[in-house]
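Below is my_file_16.cif, holding mmCIF, C-alpha atoms.
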```
data_model
loop_
_atom_site.label_atom_id
_atom_site.label_comp_id
_atom_site.auth_asym_id
_atom_site.auth_seq_id
_atom_site.Cartn_x
_atom_site.Cartn_y
_atom_site.Cartn_z
CA MET A 1 56.83 188.80 129.59
CA THR A 2 55.48 190.92 126.75
CA PRO A 3 52.25 189.84 125.02
CA ALA A 4 54.30 189.12 121.86
CA SER A 5 56.70 186.80 123.65
CA LEU A 6 53.81 185.08 125.44
CA GLU A 7 52.15 184.50 122.11
CA ARG A 8 55.36 183.15 120.64
CA ARG A 9 55.73 180.82 123.58
CA ALA A 10 52.18 179.52 123.08
CA ASP A 11 52.77 179.06 119.33
CA LEU A 12 55.94 177.09 119.95
CA GLN A 13 54.27 174.85 122.51
CA ALA A 14 51.36 174.19 120.15
CA ALA A 15 53.75 173.33 117.31
CA LEU A 16 55.78 170.97 119.51
CA LEU A 17 52.60 169.19 120.60
CA ARG A 18 51.73 168.74 116.92
CA VAL A 19 55.20 167.28 116.31
CA ALA A 20 54.26 164.66 118.91
CA GLN A 21 51.44 163.70 116.53
CA GLN A 22 54.07 163.23 113.79
CA ASP A 23 53.16 166.44 111.97
CA ARG A 24 56.08 167.24 109.65
CA ASP A 25 54.96 170.81 108.97
CA ALA A 26 54.93 171.42 112.70
CA LEU A 27 58.55 170.22 112.88
CA ARG A 28 59.44 172.84 110.26
CA THR A 29 57.68 175.46 112.37
CA VAL A 30 59.57 174.39 115.49
CA TYR A 31 62.81 174.47 113.50
CA ALA A 32 62.10 177.95 112.13
CA MET A 33 61.34 179.25 115.62
CA THR A 34 64.22 177.61 117.47
CA SER A 35 67.11 176.58 115.20
CA ALA A 36 69.14 179.77 115.81
CA LYS A 37 68.81 179.31 119.56
CA LEU A 38 69.67 175.61 119.54
CA HIS A 39 72.52 176.21 117.11
CA GLY A 40 73.82 178.80 119.59
CA VAL A 41 73.68 176.17 122.36
CA CYS A 42 75.49 173.54 120.25
CA LEU A 43 78.12 175.97 119.02
CA ARG A 44 78.92 177.35 122.47
CA ILE A 45 79.49 173.87 123.86
CA CYS A 46 81.02 172.10 120.83
CA ILE A 47 83.05 175.17 119.72
CA ASP A 48 83.71 173.40 116.40
CA ARG A 49 81.26 174.60 113.71
CA GLY A 50 81.08 171.33 111.80
CA ALA A 51 80.45 169.37 114.98
CA ALA A 52 77.79 171.84 116.12
CA GLU A 53 76.01 171.40 112.80
CA ASP A 54 76.02 167.61 113.09
CA VAL A 55 74.84 167.74 116.68
CA LEU A 56 72.09 170.20 115.74
CA GLN A 57 70.87 167.89 113.00
CA ASN A 58 70.66 165.01 115.47
CA VAL A 59 68.91 167.24 117.99
CA TYR A 60 65.98 167.78 115.60
CA LEU A 61 65.85 164.07 114.79
CA LYS A 62 65.56 163.47 118.54
CA VAL A 63 62.89 166.13 118.78
CA TRP A 64 60.97 164.34 116.04
CA GLN A 65 61.27 161.01 117.83
CA ARG A 66 60.74 162.19 121.38
CA ALA A 67 58.17 164.97 121.13
CA GLY A 68 55.65 162.51 122.60
CA SER A 69 57.42 162.78 125.94
CA PHE A 70 57.25 166.60 126.04
CA ASP A 71 55.04 167.57 128.97
CA PRO A 72 54.08 171.27 129.06
CA ALA A 73 53.30 170.94 132.77
CA LYS A 74 56.96 170.17 133.52
CA ALA A 75 58.90 172.47 131.22
CA SER A 76 58.39 175.17 128.64
CA ALA A 77 58.87 174.07 125.05
CA ILE A 78 62.03 176.11 124.63
CA ALA A 79 63.57 174.76 127.85
CA TRP A 80 62.76 171.20 126.77
CA LEU A 81 64.38 171.82 123.37
CA CYS A 82 67.42 173.59 124.81
CA ALA A 83 67.94 170.72 127.26
CA ILE A 84 68.05 168.20 124.41
CA ALA A 85 70.53 170.38 122.52
CA ARG A 86 72.71 170.99 125.56
CA ASN A 87 72.82 167.30 126.53
CA ALA A 88 73.60 166.24 122.97
CA ALA A 89 76.39 168.82 122.71
CA ILE A 90 77.84 167.78 126.08
CA ASP A 91 77.76 164.12 125.01
CA TRP A 92 79.66 165.03 121.85
CA ARG A 93 82.21 167.08 123.81
CA ARG A 94 82.88 164.30 126.26
CA SER A 95 83.24 161.74 123.48
CA GLN A 96 85.91 163.94 121.86
CA ARG A 97 87.83 165.04 124.86
CA TYR A 98 90.75 162.71 124.72
CA GLU A 99 91.60 163.49 121.13
CA ASP A 100 90.88 167.16 121.39
CA PRO A 101 92.52 169.10 124.21
CA LEU A 102 90.83 172.12 125.73
CA PRO A 103 91.15 175.28 123.69
CA ALA A 104 93.94 177.45 125.01
CA ASP A 105 91.78 180.53 125.47
CA LEU A 106 89.25 178.76 127.64
CA ALA A 107 90.36 180.49 130.80
CA GLU A 108 89.71 183.83 129.14
CA THR A 109 86.27 182.85 127.99
CA LEU A 110 85.52 181.85 131.56
CA VAL A 111 86.39 185.27 132.85
CA ASP A 112 84.88 187.21 129.99
CA ASP A 113 81.40 185.77 129.83
CA GLN A 114 79.94 186.60 126.48
CA ALA A 115 76.43 186.02 127.72
CA ASP A 116 75.03 188.75 129.86
CA PRO A 117 71.35 188.68 129.17
CA SER A 118 70.33 190.21 132.48
CA ALA A 119 69.67 193.60 130.88
CA ALA A 120 67.66 192.13 128.03
CA LEU A 121 65.63 190.18 130.54
CA ALA A 122 64.82 193.10 132.77
CA GLN A 123 61.23 193.08 131.54
CA ASP A 124 60.76 189.50 132.69
CA SER A 125 61.59 189.67 136.35
CA GLU A 126 60.77 186.08 137.18
CA ARG A 127 63.18 184.69 134.60
CA ALA A 128 65.79 187.34 135.39
CA GLN A 129 65.94 186.24 139.03
CA ILE A 130 68.55 183.59 138.49
CA PHE A 131 70.84 186.11 136.81
CA ARG A 132 70.48 188.50 139.74
CA CYS A 133 71.16 185.63 142.11
CA LEU A 134 74.28 184.61 140.14
CA ASP A 135 75.49 188.20 140.40
CA GLU A 136 75.21 187.97 144.18
CA LEU A 137 77.62 185.03 144.35
CA GLU A 138 81.33 185.36 144.79
CA PRO A 139 82.63 185.87 141.23
CA VAL A 140 84.67 182.63 141.15
CA ARG A 141 81.64 180.59 142.21
CA ALA A 142 79.43 182.23 139.59
CA SER A 143 82.10 181.75 136.90
CA ALA A 144 82.46 178.07 137.72
CA ILE A 145 78.70 177.52 137.57
CA ARG A 146 78.46 179.43 134.29
CA ALA A 147 81.29 177.35 132.81
CA GLY A 148 79.39 174.18 133.69
CA PHE A 149 76.13 175.40 132.26
CA TYR A 150 77.17 177.37 129.19
CA GLN A 151 80.25 175.45 128.11
CA GLY A 152 79.25 172.02 129.34
CA LEU A 153 82.52 171.59 131.21
CA SER A 154 83.02 168.86 133.79
CA TYR A 155 84.68 169.41 137.19
CA PRO A 156 88.19 168.47 136.00
CA GLU A 157 87.85 170.74 132.95
CA ILE A 158 86.68 173.71 135.00
CA ALA A 159 89.51 173.07 137.46
CA GLU A 160 92.02 173.02 134.61
CA ALA A 161 90.61 176.18 133.03
CA MET A 162 90.62 178.04 136.35
CA ASP A 163 93.95 176.54 137.39
CA LYS A 164 92.64 175.30 140.74
CA PRO A 165 92.39 171.85 142.32
CA VAL A 166 89.23 169.89 141.48
CA GLY A 167 88.26 169.84 145.17
CA THR A 168 88.33 173.62 145.36
CA VAL A 169 86.18 173.99 142.27
CA LYS A 170 83.77 171.36 143.54
CA SER A 171 83.33 173.21 146.79
CA TRP A 172 82.87 176.57 145.00
CA ILE A 173 80.18 175.11 142.79
CA ARG A 174 78.37 173.22 145.53
CA ARG A 175 78.30 176.24 147.81
CA GLY A 176 77.38 178.51 144.93
CA LEU A 177 74.49 176.24 143.97
CA MET A 178 73.20 176.19 147.51
CA GLN A 179 73.36 179.99 147.69
CA LEU A 180 71.59 180.13 144.35
CA LYS A 181 68.79 177.93 145.66
CA GLU A 182 68.40 180.10 148.75
CA CYS A 183 68.43 183.29 146.73
CA LEU A 184 65.79 181.98 144.32
CA SER A 185 63.47 180.89 147.11
CA ARG A 186 63.93 184.21 148.91
CA GLU A 187 62.97 186.24 145.87
CA GLN A 188 59.92 184.22 144.96
CA MET B 1 80.30 168.76 156.88
CA SER B 2 80.36 172.52 157.20
CA SER B 3 77.11 174.40 157.64
CA ASP B 4 77.08 175.89 154.18
CA ALA B 5 77.70 172.68 152.28
CA MET B 6 74.81 170.87 150.68
CA PRO B 7 73.97 167.36 151.77
CA ASP B 8 75.54 164.94 149.29
CA ARG B 9 72.30 163.87 147.66
CA SER B 10 71.08 167.40 147.04
CA ALA B 11 74.48 168.27 145.66
CA MET B 12 74.37 165.29 143.37
CA ALA B 13 70.89 166.26 142.11
CA ALA B 14 72.11 169.77 141.30
CA GLU B 15 75.32 168.47 139.70
CA LEU B 16 73.40 166.04 137.51
CA ALA B 17 71.05 168.82 136.38
CA LEU B 18 73.98 171.09 135.63
CA GLY B 19 75.71 168.32 133.66
CA LEU B 20 78.87 168.18 135.77
CA LEU B 21 78.87 164.47 136.53
CA GLU B 22 80.75 161.88 134.51
CA GLY B 23 81.47 158.19 134.57
CA ALA B 24 80.66 156.30 137.75
CA GLU B 25 79.22 159.33 139.53
CA ARG B 26 76.84 159.98 136.67
CA ALA B 27 75.82 156.33 136.52
CA GLU B 28 75.12 156.41 140.24
CA ALA B 29 73.01 159.56 139.89
CA LEU B 30 71.03 158.06 137.01
CA ARG B 31 70.47 154.90 139.05
CA LEU B 32 69.17 157.03 141.92
CA MET B 33 66.78 158.81 139.57
CA LEU B 34 65.13 155.49 138.83
CA ALA B 35 65.25 154.16 142.36
CA ASP B 36 64.33 157.22 144.37
CA PRO B 37 61.39 159.43 143.33
CA ALA B 38 62.40 162.11 145.85
CA PHE B 39 65.83 162.35 144.25
CA ALA B 40 64.28 162.43 140.77
CA ALA B 41 62.00 165.26 141.89
CA GLU B 42 65.01 167.15 143.22
CA VAL B 43 66.79 166.80 139.86
CA GLU B 44 63.67 168.02 138.08
CA ALA B 45 63.41 170.98 140.46
CA TRP B 46 67.02 171.91 139.67
CA ARG B 47 66.40 171.61 135.95
CA ALA B 48 63.44 173.97 136.32
CA ARG B 49 65.50 176.37 138.44
CA LEU B 50 68.33 176.48 135.90
CA ALA B 51 66.06 176.66 132.84
CA PRO B 52 66.01 180.51 132.66
CA LEU B 53 69.78 180.34 132.10
CA TYR B 54 69.04 179.11 128.57
CA ASP B 55 68.18 182.73 127.80
CA GLY B 56 71.91 183.39 128.11
CA PHE B 57 72.82 181.37 125.02
CA ALA B 58 73.21 183.72 122.07
CA GLU B 59 71.29 182.89 118.88
CA VAL B 60 73.38 181.97 115.86
CA ALA B 61 71.63 181.38 112.53
CA ALA B 62 71.63 177.68 111.67
CA PRO B 63 73.45 176.57 108.49
CA ALA B 64 71.34 176.94 105.34
CA GLY B 65 69.72 173.76 104.10
CA LEU B 66 69.91 171.91 107.40
CA MET B 67 66.13 171.53 107.72
CA ASP B 68 65.97 169.94 104.27
CA ARG B 69 68.62 167.45 105.32
CA ILE B 70 66.68 166.68 108.50
CA ASP B 71 63.55 166.17 106.42
CA SER B 72 65.24 163.74 104.08
CA LEU B 73 66.73 161.81 107.02
CA ILE B 74 63.26 161.41 108.51
CA ASP B 75 61.89 160.38 105.09
CA ALA B 76 64.57 157.74 104.79
CA GLU B 77 63.99 156.42 108.30
CA GLN B 78 60.28 156.23 107.74
CA ALA B 79 60.81 154.45 104.45
CA ALA B 80 63.01 151.98 106.28
CA GLU B 81 60.42 151.46 109.00
CA ARG B 82 57.43 150.96 106.76
CA PRO B 83 56.93 147.24 106.12
CA THR B 84 55.44 147.86 102.66
CA SER B 85 58.15 146.24 100.63
CA VAL B 86 60.67 143.49 101.13
CA VAL B 87 63.55 145.80 100.36
CA ALA B 88 63.40 149.18 102.03
CA PRO B 89 64.40 151.95 99.63
CA LEU B 90 67.87 153.21 100.30
CA PRO B 91 68.26 156.85 101.23
CA ALA B 92 68.96 158.89 98.12
CA LYS B 93 72.62 159.50 97.55
CA ALA B 94 73.39 163.17 97.84
CA SER B 95 76.48 164.77 96.47
CA GLY B 96 78.84 166.82 98.60
CA ASN B 97 77.79 165.32 101.90
CA GLY B 98 79.30 161.93 101.38
CA TRP B 99 80.50 161.30 104.89
CA LYS B 100 77.35 162.67 106.48
CA ILE B 101 75.24 160.39 104.35
CA ALA B 102 77.53 157.53 105.28
CA THR B 103 77.07 158.36 108.95
CA PHE B 104 73.35 158.49 108.48
CA ALA B 105 73.32 155.31 106.44
CA ALA B 106 74.95 153.59 109.39
CA SER B 107 72.28 154.88 111.72
CA ALA B 108 69.56 153.94 109.24
CA VAL B 109 71.00 150.45 109.12
CA ALA B 110 70.95 150.41 112.90
CA ALA B 111 67.33 151.51 112.82
CA VAL B 112 66.45 148.77 110.35
CA LEU B 113 68.25 146.21 112.50
CA ALA B 114 66.42 147.46 115.59
CA LEU B 115 63.15 147.14 113.76
CA ALA B 116 64.09 143.76 112.41
CA LEU B 117 64.41 142.68 116.03
CA VAL B 118 60.99 143.90 116.96
CA LEU B 119 59.29 142.86 113.76
CA PRO B 120 57.87 139.36 113.53
CA GLY B 121 59.51 136.97 111.10
CA PRO B 122 59.28 136.59 107.33
CA GLU B 123 55.48 136.42 107.19
CA VAL B 124 55.29 140.23 107.11
CA GLN B 125 57.31 140.26 103.94
CA GLN B 126 54.21 139.49 101.92
CA THR B 127 52.42 142.67 100.93
CA PRO B 128 50.61 143.78 104.07
CA PRO B 129 47.13 145.28 104.02
CA ALA B 130 47.01 148.94 103.04
CA ASN B 131 46.45 149.95 106.64
CA PRO B 132 48.29 147.43 108.77
CA ASP B 133 47.08 147.48 112.33
CA MET B 134 50.33 148.29 113.99
CA ALA B 135 51.15 150.87 116.58
CA VAL B 136 54.51 152.11 117.75
CA ALA B 137 55.74 154.28 120.58
CA GLN B 138 59.06 155.66 121.72
CA LEU B 139 59.40 156.21 125.43
CA THR B 140 61.86 158.66 126.91
CA GLY B 141 62.06 160.68 130.09
CA PRO B 142 64.39 162.63 132.29
CA ILE B 143 67.04 159.89 132.33
CA GLU B 144 69.40 160.62 129.50
CA GLY B 145 70.09 157.67 127.30
CA LEU B 146 67.10 155.62 128.46
CA LEU B 147 65.06 154.79 125.40
CA LEU B 148 62.26 152.29 124.90
CA THR B 149 60.82 151.38 121.54
CA ALA B 150 57.52 149.54 121.52
CA ARG B 151 55.73 147.99 118.58
CA TYR B 152 52.30 146.37 118.73
CA ASP B 153 50.93 144.07 116.07
CA SER B 154 47.20 143.42 116.31
CA ARG B 155 47.51 140.24 114.24
CA THR B 156 49.52 138.60 116.99
CA SER B 157 48.27 140.78 119.90
CA GLN B 158 51.87 141.04 120.95
CA MET B 159 53.89 144.06 121.87
CA LEU B 160 57.64 143.95 121.42
CA VAL B 161 59.55 146.35 123.58
CA ARG B 162 63.22 147.16 123.19
CA VAL B 163 65.02 148.69 126.16
CA GLU B 164 68.26 150.65 125.81
CA GLY B 165 70.30 152.59 128.32
CA MET B 166 68.74 151.27 131.51
CA PRO B 167 70.99 151.99 134.52
CA VAL B 168 71.54 149.28 137.14
CA THR B 169 68.93 149.47 139.92
CA ASP B 170 67.38 147.32 142.63
CA THR B 171 63.98 147.97 141.09
CA GLU B 172 62.43 146.38 138.01
CA PRO B 173 61.07 148.07 134.86
CA GLU B 174 57.32 147.72 134.52
CA LEU B 175 55.33 148.82 131.46
CA TRP B 176 51.83 150.30 131.70
CA ILE B 177 49.34 151.68 129.23
CA VAL B 178 47.45 154.82 130.17
CA PRO B 179 44.36 155.33 128.03
CA GLU B 180 42.26 158.48 127.78
CA ASP B 181 40.71 157.88 131.23
CA GLY B 182 44.13 158.37 132.84
CA GLN B 183 44.09 155.01 134.67
CA PRO B 184 47.28 152.99 134.13
CA ARG B 185 46.82 149.32 133.18
CA ARG B 186 49.69 146.95 133.66
CA LEU B 187 51.21 145.40 130.55
CA GLY B 188 54.07 143.59 132.16
CA ARG B 189 57.62 143.47 133.37
CA LEU B 190 60.40 144.21 130.92
CA MET B 191 63.87 142.82 130.63
CA ARG B 192 66.48 145.47 131.41
CA GLY B 193 67.97 145.28 127.94
CA GLY B 194 67.16 143.73 124.59
CA VAL B 195 63.64 142.97 123.45
CA THR B 196 60.79 141.79 125.67
CA ARG B 197 57.74 140.19 124.07
CA ILE B 198 54.49 140.94 125.88
CA GLU B 199 51.19 139.21 125.17
CA ILE B 200 48.62 141.98 125.55
CA PRO B 201 45.68 140.68 127.61
CA GLU B 202 42.42 140.69 125.65
CA GLY B 203 40.83 143.26 127.97
CA HIS B 204 43.65 145.74 127.34
CA ARG B 205 43.78 145.49 123.54
CA LYS B 206 41.06 148.11 123.10
CA PHE B 207 43.38 150.65 124.76
CA ILE B 208 45.92 150.40 121.95
CA ASP B 209 45.04 153.63 120.21
CA PRO B 210 46.66 157.00 119.57
CA LEU B 211 45.05 158.53 122.64
CA SER B 212 46.98 156.20 124.92
CA ASN B 213 50.39 156.71 126.46
CA LEU B 214 52.82 154.03 127.44
CA ILE B 215 54.66 154.68 130.67
CA LEU B 216 57.54 152.95 132.42
CA THR B 217 57.83 152.80 136.20
CA MET B 218 60.51 151.20 138.33
CA GLU B 219 58.86 148.81 140.77
CA PRO B 220 60.02 146.60 143.64
CA LYS B 221 60.68 142.97 142.69
CA VAL B 222 57.32 142.06 144.16
CA LEU B 223 54.76 144.47 142.77
CA PRO B 224 52.96 146.13 145.70
CA ASP B 225 49.77 146.44 143.63
CA PRO B 226 49.45 144.92 140.17
CA ASP B 227 46.61 147.31 139.37
CA LYS B 228 48.51 150.53 139.81
CA PRO B 229 52.08 151.82 139.67
CA SER B 230 53.75 152.45 143.03
CA ALA B 231 56.34 154.82 141.54
CA PRO B 232 56.21 157.78 139.17
CA ALA B 233 56.78 157.33 135.43
CA VAL B 234 60.43 157.55 134.42
CA ALA B 235 59.75 157.36 130.69
CA GLN B 236 56.68 157.88 128.58
CA GLY B 237 55.56 158.12 125.00
CA ARG B 238 52.41 158.29 122.94
CA LEU B 239 51.23 155.41 120.77
CA GLN B 240 51.06 156.08 117.07
CA ARG B 241 49.45 153.96 114.41
CA ILE B 242 51.60 153.22 111.41
#
```
When written as structure tokens, how does the structure in this file appear?
Amino acid sequence: MTPASLERRADLQAALLRVAQQDRDALRTVYAMTSAKLHGVCLRICIDRGAAEDVLQNVYLKVWQRAGSFDPAKASAIAWLCAIARNAAIDWRRSQRYEDPLPADLAETLVDDQADPSAALAQDSERAQIFRCLDELEPVRASAIRAGFYQGLSYPEIAEAMDKPVGTVKSWIRRGLMQLKECLSREQ
Amino acid sequence: MSSDAMPDRSAMAAELALGLLEGAERAEALRLMLADPAFAAEVEAWRARLAPLYDGFAEVAAPAGLMDRIDSLIDAEQAAERPTSVVAPLPAKASGNGWKIATFAASAVAAVLALALVLPGPEVQQTPPANPDMAVAQLTGPIEGLLLTARYDSRTSQMLVRVEGMPVTDTEPELWIVPEDGQPRRLGRLMRGGVTRIEIPEGHRKFIDPLSNLILTMEPKVLPDPDKPSAPAVAQGRLQRI
């Protein structure tokens, strides 16, 4: 990590800890530092812009209410925030599913992953590990895991998007996750 | 089971962390998180392992004006929570966002109702002292949906604790206060849903201050040791004076 990104990380953590003390200015700081990222998370999973905006708004209300349970020993501030956003977006998605069928181009987005941050992360080898490990997996296993993480899809949805039986997808993901775990422990 | 398949529990921990589980499977995994600290640790380890993947979400500028809306929602909720007047001020009506305000108004009403449940009766409707000796805390943790709201009133020495989203388990929810010295003190067993009223023992009242955390652990029906938790905290939150 560069000194600048380390400093940014420390600033964000400090601001989030102040939010836990109900400091409204600190919430504005956290928002300024993270809203583009969390909006990206909500938008990727919700797809619908209006829904992503509503979910994002609720995410920061949750941050305001729950900052007291943020524990810097367990997670970085940005991971803690992203997890809240991702869970909220997944909850919204699952509540909508029956009215709102999967977008038709989902299978394409699975194949053509828009996120390939491995190059950008090259300077931070520890964090880039998981991307290297994903690249080592069989492509279908990596795609299925990415679909779960980045699009918040459930097993049946991934199976539908990849046009495979749920059991097959389940076995791809489980084996892929186990390989991922082995790869991460090997590289550490 | 083939040699390269994960044992079911480890698979379930990874699947929960990845967000793949739904319905009954998810409920079962959440129940395990409360009942089995080793499983909970495995889920946490997977969350930590997957966390660098968040770098892969592209940034997209948030809609203009959203922070101001968030600010006014918090203002309105705080106005609703503050027991300074009989009638809580209604959130200001904004133009253009009619349905959003309506959605919020519903949640504000829910918040007021929740507070009404944990507030004592009509006696607080007289003008309270300028600095009422009340403290509140919200407890959350790694179990999505599990939320505890606690409110302590020094005039009655009672803490009212509302529990929402508690999965079914064989264990029982136990509330503790952890003051600055880091030693948990038992406050009592909670009901799994609704509001539990706890009489705070005299010796523990001095710990009600903003340096203290409330934690929830899931304990066997018969507490192994009433002086210390036998399981890790599954939800926590800091006390705040209001």
- Query: So what does the PyMOL selection byres ((chain B) within 6 of (chain A)) actually pick up in this one, as a list of chain:residue names?
  - Reply: B:Ala5, B:Leu18, B:Leu20, B:Ala51, B:Pro52, B:Gly56, B:Phe57, B:Ala58, B:Glu59, B:Val60, B:Ala61, B:Ala62, B:Gln236, B:Gly237, B:Arg238
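Our summary of the geometry notes that atom CA of Lys221 of chain B is positioned 14.8 Å from atom CA of Asp36 of chain B.
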- Could you pull out every residue with an atom within 12 Å of (44.7, 136.2, 122.7), file coordinates, counting all atoms listed in the file, and send them as number ranges by chain? B: 154-158, 198-205
- Message: Applying the PyMOL selection byres ((chain A and resi 8-13) around 9) to the file I just gave you, which residues come out? Please list them as a PyMOL selection string.
- Response: chain A and resi 3-7+14-18+29-30+33-34+72+76-78
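Between atom CA of Ile215 of chain B and atom CA of Gly19 of chain B lies a distance of 25.3 Å.
Near Ala137 of chain B, within 7 Å and counting only C-alpha atoms, sit B:Thr149, B:Ala150, B:Arg151, B:Gly237, B:Arg238, B:Leu239, B:Gln240, not including residues fewer than 4 positions from it in the same chain.
Using only C-alpha atoms, the smallest distance between any of B:Glu164, B:Ser212, B:Pro224, B:Leu32 and Val195 of chain B comes from B:Glu164.
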- Task: Identify the residues within 10 Å of coordinate (56.3, 147.4, 139.5) (same frame as the file), considering all atoms listed in the file, and give the answer as a VMD selection string.
- Result: chain B and resid 171 to 176 186 188 to 189 216 to 231
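Interatomic distance, atom CA of Leu53 of chain B to atom CA of Leu139 of chain B: 27.1 Å.
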- I would like the residues chosen by the PyMOL selection byres ((chain B and resi 46) around 10) on the shown file; could you give them as a ChimeraX atom specification? /A:177,181 /B:10,13-18,40-45,47-51
- Query: Near Gly193 of chain B, within 9 Å and counting all atoms listed in the file, which residues show up once chain neighbours fewer than 4 positions away are dropped, as a PyMOL selection string?
  - Reply: chain B and resi 162-166
- Write out as a ChimeraX atom specification the residues lying within 12 Å of Ala24 of chain B, counting only C-alpha atoms and excluding same-chain residues fewer than 4 positions away. /B:28-31,167-168
From the block I gave, I'd like segment 138-153 of chain B written with C-alpha atoms, as a short mmCIF file (atom, residue, chain, number, x, y, z; two decimals), in the first residue's frame.
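Produced file decode.cif, reproduced below:
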```cif
data_model
loop_
_atom_site.label_atom_id
_atom_site.label_comp_id
_atom_site.auth_asym_id
_atom_site.auth_seq_id
_atom_site.Cartn_x
_atom_site.Cartn_y
_atom_site.Cartn_z
CA GLN B 138 -28.03 -0.34 19.48
CA LEU B 139 -26.42 -3.74 19.33
CA THR B 140 -25.55 -5.44 16.08
CA GLY B 141 -23.01 -8.01 14.98
CA PRO B 142 -22.15 -10.43 12.25
CA ILE B 143 -25.64 -11.94 12.14
CA GLU B 144 -27.58 -10.00 9.56
CA GLY B 145 -30.93 -8.83 10.74
CA LEU B 146 -30.21 -9.29 14.45
CA LEU B 147 -30.77 -5.95 16.12
CA LEU B 148 -31.12 -5.04 19.78
CA THR B 149 -32.20 -1.65 21.02
CA ALA B 150 -31.59 -0.88 24.67
CA ARG B 151 -32.77 2.12 26.64
CA TYR B 152 -31.86 2.83 30.26
CA ASP B 153 -33.72 5.27 32.46
#
```
